[in-house]
Structure formats: C-alpha cells, structure tokens
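> Quick one: structure below, then a few questions.
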Amino acid sequence: MYSINQAQDLHLQIATEAVNREDNLSDKAVATDYIIANLLKEMADTAKGLSDEIAVEKYKVAFIGTIGSGKTTTICHLLDLYFEKDSEKIINKKIRQVKEMLTVLTASGGGSTSCEVELRHGENTTIEIEPYSIVETERILKSFAENIISKAGISDEPDVDNDKARENLPFELERAIRNFISLQIGSSGIIEDEAIFQLSGSTEPEKTKRDKDQAIILYRKFQDDNKSDADFVQEIIKLAKLDERNISSLSPKPDDNKTLWLYDTFKVLNVGLYPNMVLPKRVIITISFAPLLSNFKSFIDTKGLDNGSPRQNISDLMEDIGTLCVFTSEFNSSPEANISEFLKRATAFNSKKHFERHMLLVLPRKNQAEKTLNSNGELINDFDEGIKIKANKILGDFNQGGIKLFEDQIYFYNPLRHFDDDNFPKANYQEDIIEEKNAVFAVIEKVAINKKRLISERLDQLEQDFTLINNGVLSEEDTQRLARLKDQLRDHKNLRFRDEYFKDKLIRVYRDSPNTRHHRTKHSLNGNDWVHPYNSNIQVILNLKQLYAQKTIVEFTQKNKIEIKSVINQLPLPDGSALFKQVSNQLFEIFESRYTNFVINTLQKFDGIIQKNLNDAFFQSLVDEYGQGPGYTDRVCDLMAGWIDKNKIRQEFEDTVNNSWLTTIDSFIKILQ
C-alpha cells in the first residue's frame, strides 16, 4: 500500500522529469522525444490525482436515499443515538405514564429532515446552522406567499377545475416557513410537545385546533381590506422578522443531558420553531457521545430524494474523492429508479472511478426479507435466504443497466430487526444488535480500504510505466505506428452531429417526464433550493443535461469512441517492446479521460447556452398560462417549442457537440507530435 509520502514523491519525480524533457527539446528532437515529453506531462497529472486520493485520511460517509427510506433511523442506530424517555400518552381517554424509545435525530411529525445534516465527532456537543442568505430567504417567503394567493382562489370541491394551482414548496421547507411566520394549517399546526412551547416562548399549549389554513385566512382578510397581493407578500416577509433572526450556533449548558438536549433542540430546529433561528440550508452537529463517528470524518444525512430533478449537492458528494456514498433503499422497491440513475452516472463518468466509492445499503423492514418468494413462488420464511435472493436480483438489474457495483458493495441491514413493536431492544438480543451494527461499519470500511488498495495498485502501475518510459527509447517502427494513429485520429475529427428531431424530443421529455413536472410552474430548482426565478441564477428549466443531452451525446459518439479505443489497443505488436506497450496503455487511459471530460464540458457549455436564453419575459409567459382553462400543458409546450426555434437552441447544441469533439481529438493528437 502506497503511503501519502510515496505517492507525493512519485508525482514530484514524474512532474520534474516531464519539465526536464520539455526544456531539453531542441531542433534535433525527433517525434518520439515530443511524444515521451507529452506522455510524462499527462502521467504527472494522473499521479497528482492519485496522490490526492491516497492522502484522504478519513472519509465522509454520505447517506443518500428517497424520502422515508430510513436514512436517519439507520444513522441513529449505527451511532447509538437512541434513548429511553418517560412521557405521557392518552390511552383510552386517560393520560398514562409510558416509556418511549426515541432516536436523537427525529424527522418530527413525518416527512423529512429540513436540510442536509452533517454529524461529526468532537469533544463538545454543538449545533451549527449554515443559513440561507437574507435574499434567498425572502425569495422563499415570496414563493410561499404567491402559492397561498393561488390557493385562495381554488375551490374545495373535487370536481371543480383547479388549473390555477401552483406547486408547493417542499413539505419540510413550507413547514419551517409556516412556523417562522406562525401561520400553520389545520390540526397539523398544533404542536403538543411541551418542550417546543417552552423553546418557542409560549406559556402554555394552544387548546383550539386550527381547522383551516391560517395563511389563506390572512390573505382573505387582506382582500377584504382592499389590500393588494404585493402587500400580502410583504406582510409574509415582515412576519418572518428576518432582522431578528441571528441564532446559528447552539450549545447545551454544562449540566444538560447531552442526548436529551440534542433531541429537544434538533426537534424544534428541524421544523423552524427554535426562537430567532435562521433558516437552515445545512446543519452541522458535533457529538461528543458517539465515539464510533471518530472512525470517519463525518456522517452526512442528506435531504431525501423525491421524483424531482437530480440535485447538484448529491452529484458533488459523488464526485468528491473524500466521500463514500451509501445509497439507502427500501427492500421491496430496491433498486429504486432514481438511485439507479445516480449509479449509472457514476459508471458513465468513471475517470475518477467514482463507483468504487459507492455502496448500496438495502433496508428491509419487519418480515420483508422473510416474505420473499423463491423460484417456486413459495415464501422462504428465512431472513438470510431472502436477502440472498434479493441481492442476486439487484446485481442482475445492475449488470443489465451497466452499473459497476459488485457483490461486496451491496449490504442489507434492518436496524430494528431485534427490536419490538415499540422500538425497544428485545431481551437477550443485545449482542446481535451490536454484531449487526458492527457488520455495517465493517462493510463501509471495506469500501474505503478497497478504494485505497485500488489507488495503490494504480500508483504502482504508474511507477512501473514511468520507469520504463523514462529509461527507454522508442524505435523508428514505433514512431511510424504512432504516426499512423495520428492519421486515423484525424479521420474521426469531424463528428458531423445532427439531430433533426431535436425539438420534438425535448418537448416530449418536457411533457412526459416526472423530472420536469416542477418546471411547469414559475418555481425552478436551483441546486437543492427552490427560489423565485426572476433575477436569480436558476438551473436549466428543461433539465436538458440530465434528460436528453447527456444520453444523446454518449449515444452519438459511442461508435467513434469504440473505434479509436480499438485502434489504440491494436498498436502494440505481439512481439513489440515492453516500452511501446506501456506507451499504448498510457494513451488508452488518456483517451478515456479525454472522452469523459468531453461529455462533461459539452454539457456545461450547453447549460450556458440555455441560461443565456432564459429571461423574465419567457418565465412570465409560462406563468400567464395559469388559470386559462384546460390545455395548459399543450400551451406551455407550444411556448417551449417557440422558445427553442427563436433562440436556435438546436443549432447551438449541434455546434457545441461538434466543436467540443474537434477540440478533444485535437488535444489528443497533440500528445503524438
């Protein structure tokens, strides 16, 4: 296994030799001298990347999964963040003293945690909030207010056309906003936990249920008072008292029970009820009583995935060389489509071997594994046999979908397997609970160890290649073969990509895909956050990168890619020199990396084209179609088609793909001269 120092020394050696070779090129240099110098520069870049990866001492572990899949519960049980608490419950109309088993990080009333939560181990227990800016918070409040305005005009009758309905903010974000401004909805607005009332400053719990949306009631009062919609929006912003919200760091008192403090505080923070707290975009919790966390840099509880667009923060975590991604999935639905899409992406863009840092953690609930059917259609009634059958199905699905995830990257864990219906550990099962929890840690750690082993193997191979290339001399015959490769590459320079059905495909994607549903409103996903589109840096409205462009680029260039790789593979003769074989291997790896960058860079350029052509007038034209009666989707699609034609989006996409390919092949040819 390479050490950090060994990896950094190797990078320095290769980089130094590359500079020396380039500096010593003279008028008498032959083609092979230039080739070796260029190869060494490429190898130095590779060595730098591998040394950065081997230098990761402790990984972050990001848990990624759909809403309600069990991420937070799993994290709490892995870290022993659950505890017993005395409480009161109404049973048969009488108040009873009962004991409850609670997890420290509760999602509080269903739904999801309000934002991403990162858990770290440290000497002192603290909570730090990374907030939305004032401008971002005001935009979210404005979106909420405009949603209320639209709802106020919708009939409660199910048969009445409610075409005016706007998309809601995400549930957990709306919940926090409503608590910020004290305008809850229905009986769900009643908070009965005494701790919440104490923290929120109330003297006693509210007795009267709120059977109606208090925000709509307020809006109708504004209408009765002949106040404008703009006045209502400003009132919502005013009610949030943003100038008083300055609490972003929280710590327990010295004599507080740390576990109970964290439970009580996070519960109200998560729903926006902590006094004067800022609106959290991300929460960092340092825990002094979870020592198992010290094996990793942190655990990250990501915000649950839904059917919306892929989120940038998830992509960033997947690409971060210091993060292991644990995708969580429910047993019956695994592998879920949205998780499979992320894993396919990791396989497609594998220049950093992303998929080697990922694993799938399947979370069977009570008796789900036992209820698996065998090949004869019979219940197997055996947990281990059930997960074996499911694992084989998942692997089969992954192989069919081209996902590079192997058997030791899939594991099954039911954190409540040995707990009763009230979530208390069953008697005499404590050792089993610890054993199964430790097994999950072992699997995660094995992913990390395997990743480091693979990096070390690549460094070892790189060192061998460097020694051989640095000390050897290519023959004249080698030079001729490389010259022929250049000629063949030139034959692939002109891609001539055209797609006459471009507009129809985009409109069909926009019309039919659930991933674009939210983009039919005036809201637009910006990374993780829902913001008002006007005057803001928004994400591509059609989600072109994920739904169309990426697939099209890869499919159209697949033949060229295969042909070029085949030519490189055939360069060395069976009896050729070891040096030339290593040169060919390096060229193959370099082309793989160039191709990945071609796809990524092309998508980024195309994003820029889309962003350039989006403006307030276009968004307003979409917004104006609300409330105009049946046929809304058709009208919006017509607007989209007109926007594509007017801004020559098809032509710009085709030109971008062709020019990016030309640049990529030219940069590869340059290595050979």
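Residues are referred to by chain and number: the chain letter is A, B, ... according to the order shown in the structure tokens, the number counts from 1 in that chain, and ligands are numbered separately from 1 in the order shown.
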Among the residues of stretch 241-327 of chain A, find those DSSP assigns to strand (DSSP E) from the backbone and print them as a list in words.

Ser249, Leu250, Pro280, Lys281, Arg282, Val283, Ile284, Ile285, Thr286, Ile287, Ser298, Phe299, Ile300, Asp301, Thr323, Leu324, Cys325, Val326 and Phe327 of chain A

> Using DSSP on the backbone, list every residue of stretch 12-129 of chain A that comes out as alpha helix (DSSP H), and give them as a ChimeraX atom specification.

/A:12-23,31-54,71-78

> Output the selection as a PDB file, in the first residue's frame - C-alpha atoms for each residue.


ATOM      1  CA  LEU A  12       7.190  15.036  -7.971  1.00  0.00           C
ATOM      2  CA  GLN A  13       9.557  12.686  -9.845  1.00  0.00           C
ATOM      3  CA  ILE A  14       7.283  12.403 -12.872  1.00  0.00           C
ATOM      4  CA  ALA A  15       6.466  16.129 -12.936  1.00  0.00           C
ATOM      5  CA  THR A  16      10.169  17.050 -12.664  1.00  0.00           C
ATOM      6  CA  GLU A  17      11.160  14.660 -15.448  1.00  0.00           C
ATOM      7  CA  ALA A  18       8.328  15.964 -17.660  1.00  0.00           C
ATOM      8  CA  VAL A  19       9.620  19.538 -17.257  1.00  0.00           C
ATOM      9  CA  ASN A  20      13.188  18.446 -17.936  1.00  0.00           C
ATOM     10  CA  ARG A  21      12.205  16.560 -21.088  1.00  0.00           C
ATOM     11  CA  GLU A  22      10.241  19.532 -22.398  1.00  0.00           C
ATOM     12  CA  ASP A  23      13.028  22.010 -21.596  1.00  0.00           C
ATOM     13  CA  ALA A  31       8.830  12.883 -32.947  1.00  0.00           C
ATOM     14  CA  THR A  32       9.271  10.276 -30.228  1.00  0.00           C
ATOM     15  CA  ASP A  33      11.011  12.851 -27.996  1.00  0.00           C
ATOM     16  CA  TYR A  34       7.924  15.024 -28.114  1.00  0.00           C
ATOM     17  CA  ILE A  35       5.649  12.046 -27.528  1.00  0.00           C
ATOM     18  CA  ILE A  36       7.563  10.966 -24.417  1.00  0.00           C
ATOM     19  CA  ALA A  37       7.584  14.532 -23.036  1.00  0.00           C
ATOM     20  CA  ASN A  38       3.827  14.872 -23.580  1.00  0.00           C
ATOM     21  CA  LEU A  39       3.131  11.472 -22.060  1.00  0.00           C
ATOM     22  CA  LEU A  40       5.131  12.350 -18.955  1.00  0.00           C
ATOM     23  CA  LYS A  41       3.085  15.536 -18.517  1.00  0.00           C
ATOM     24  CA  GLU A  42      -0.111  13.503 -18.711  1.00  0.00           C
ATOM     25  CA  MET A  43       1.287  10.942 -16.271  1.00  0.00           C
ATOM     26  CA  ALA A  44       2.219  13.727 -13.849  1.00  0.00           C
ATOM     27  CA  ASP A  45      -1.401  14.905 -13.841  1.00  0.00           C
ATOM     28  CA  THR A  46      -2.543  11.330 -13.171  1.00  0.00           C
ATOM     29  CA  ALA A  47      -0.036  10.960 -10.334  1.00  0.00           C
ATOM     30  CA  LYS A  48      -1.286  14.222  -8.789  1.00  0.00           C
ATOM     31  CA  GLY A  49      -4.873  12.975  -8.796  1.00  0.00           C
ATOM     32  CA  LEU A  50      -3.942   9.603  -7.310  1.00  0.00           C
ATOM     33  CA  SER A  51      -1.757  11.194  -4.628  1.00  0.00           C
ATOM     34  CA  ASP A  52      -4.654  13.465  -3.653  1.00  0.00           C
ATOM     35  CA  GLU A  53      -6.897  10.403  -3.315  1.00  0.00           C
ATOM     36  CA  ILE A  54      -4.407   8.383  -1.278  1.00  0.00           C
ATOM     37  CA  LYS A  71     -31.656   7.026   6.339  1.00  0.00           C
ATOM     38  CA  THR A  72     -31.991   8.972   9.582  1.00  0.00           C
ATOM     39  CA  THR A  73     -33.169   5.969  11.613  1.00  0.00           C
ATOM     40  CA  THR A  74     -30.276   3.911  10.252  1.00  0.00           C
ATOM     41  CA  ILE A  75     -27.711   6.593  11.126  1.00  0.00           C
ATOM     42  CA  CYS A  76     -29.082   6.942  14.645  1.00  0.00           C
ATOM     43  CA  HIS A  77     -28.925   3.190  15.275  1.00  0.00           C
ATOM     44  CA  LEU A  78     -25.453   2.839  13.799  1.00  0.00           C
TER      45      LEU A  78
END

> Closest to A:Leu468 among A:Val583, A:Leu361, A:Val657, A:Ile665, using only C-alpha atoms?

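Of A:Val583, A:Leu361, A:Val657, A:Ile665, the one nearest A:Leu468 is A:Val583, counting only C-alpha atoms.
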
> I'd like the neighbourhood of A:Leu405 as a compact mmCIF listing (two decimals) with N, CA, C and O atoms, in the first residue's frame, where a residue qualifies if any of its atoms comes within 8 Å (using only C-alpha atoms), though same-chain residues fewer than 5 positions away should be ignored.


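File produced: out_20.txt:
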# COMPACT_ATOMS: atom_id res chain seq x y z
N PHE A 355 -17.53 4.96 -8.95
CA PHE A 355 -18.34 3.84 -8.45
C PHE A 355 -17.61 3.02 -7.40
O PHE A 355 -18.24 2.30 -6.63
N GLU A 356 -16.30 3.13 -7.34
CA GLU A 356 -15.55 2.37 -6.33
C GLU A 356 -15.75 2.93 -4.93
O GLU A 356 -15.41 2.27 -3.95
N HIS A 358 -18.80 3.90 -3.84
CA HIS A 358 -20.23 3.84 -3.56
C HIS A 358 -20.63 2.44 -3.10
O HIS A 358 -19.98 1.45 -3.42
N MET A 359 -21.71 2.38 -2.36
CA MET A 359 -22.31 1.10 -2.00
C MET A 359 -23.81 1.28 -1.86
O MET A 359 -24.31 2.40 -1.73
N LEU A 395 -28.15 -7.33 -8.28
CA LEU A 395 -26.95 -7.46 -9.10
C LEU A 395 -27.30 -7.68 -10.57
O LEU A 395 -26.67 -7.12 -11.47
N PHE A 398 -28.43 -4.40 -11.97
CA PHE A 398 -27.28 -3.51 -12.16
C PHE A 398 -26.47 -3.91 -13.39
O PHE A 398 -26.06 -3.06 -14.17
N ILE A 410 -22.86 -4.25 -1.84
CA ILE A 410 -24.30 -4.31 -1.53
C ILE A 410 -24.46 -5.01 -0.19
O ILE A 410 -23.91 -6.09 0.04

> Can you list, as a PDB file with C-alpha atoms, in the first residue's frame, every protein, DNA or RNA residue that comes within 10 Å of A:Thr259 when you count only C-alpha atoms, leaving out same-chain residues fewer than 5 positions away?


ATOM      1  CA  LEU A  81     -28.191   7.771  19.006  1.00  0.00           C
ATOM      2  CA  TYR A  82     -31.389   6.442  20.557  1.00  0.00           C
ATOM      3  CA  PHE A  83     -32.560   6.607  24.136  1.00  0.00           C
ATOM      4  CA  THR A 103     -33.966   8.485  18.056  1.00  0.00           C
ATOM      5  CA  VAL A 104     -31.948  11.639  18.690  1.00  0.00           C
ATOM      6  CA  THR A 125     -21.638  18.766  21.540  1.00  0.00           C
ATOM      7  CA  PRO A 252     -26.025  22.751  25.757  1.00  0.00           C
ATOM      8  CA  ASP A 264     -35.166  18.504  22.124  1.00  0.00           C
ATOM      9  CA  ILE A 287     -21.407  14.984  19.006  1.00  0.00           C
ATOM     10  CA  SER A 288     -19.244  14.093  21.972  1.00  0.00           C
ATOM     11  CA  PHE A 289     -21.104  10.863  22.850  1.00  0.00           C
TER      12      PHE A 289
END
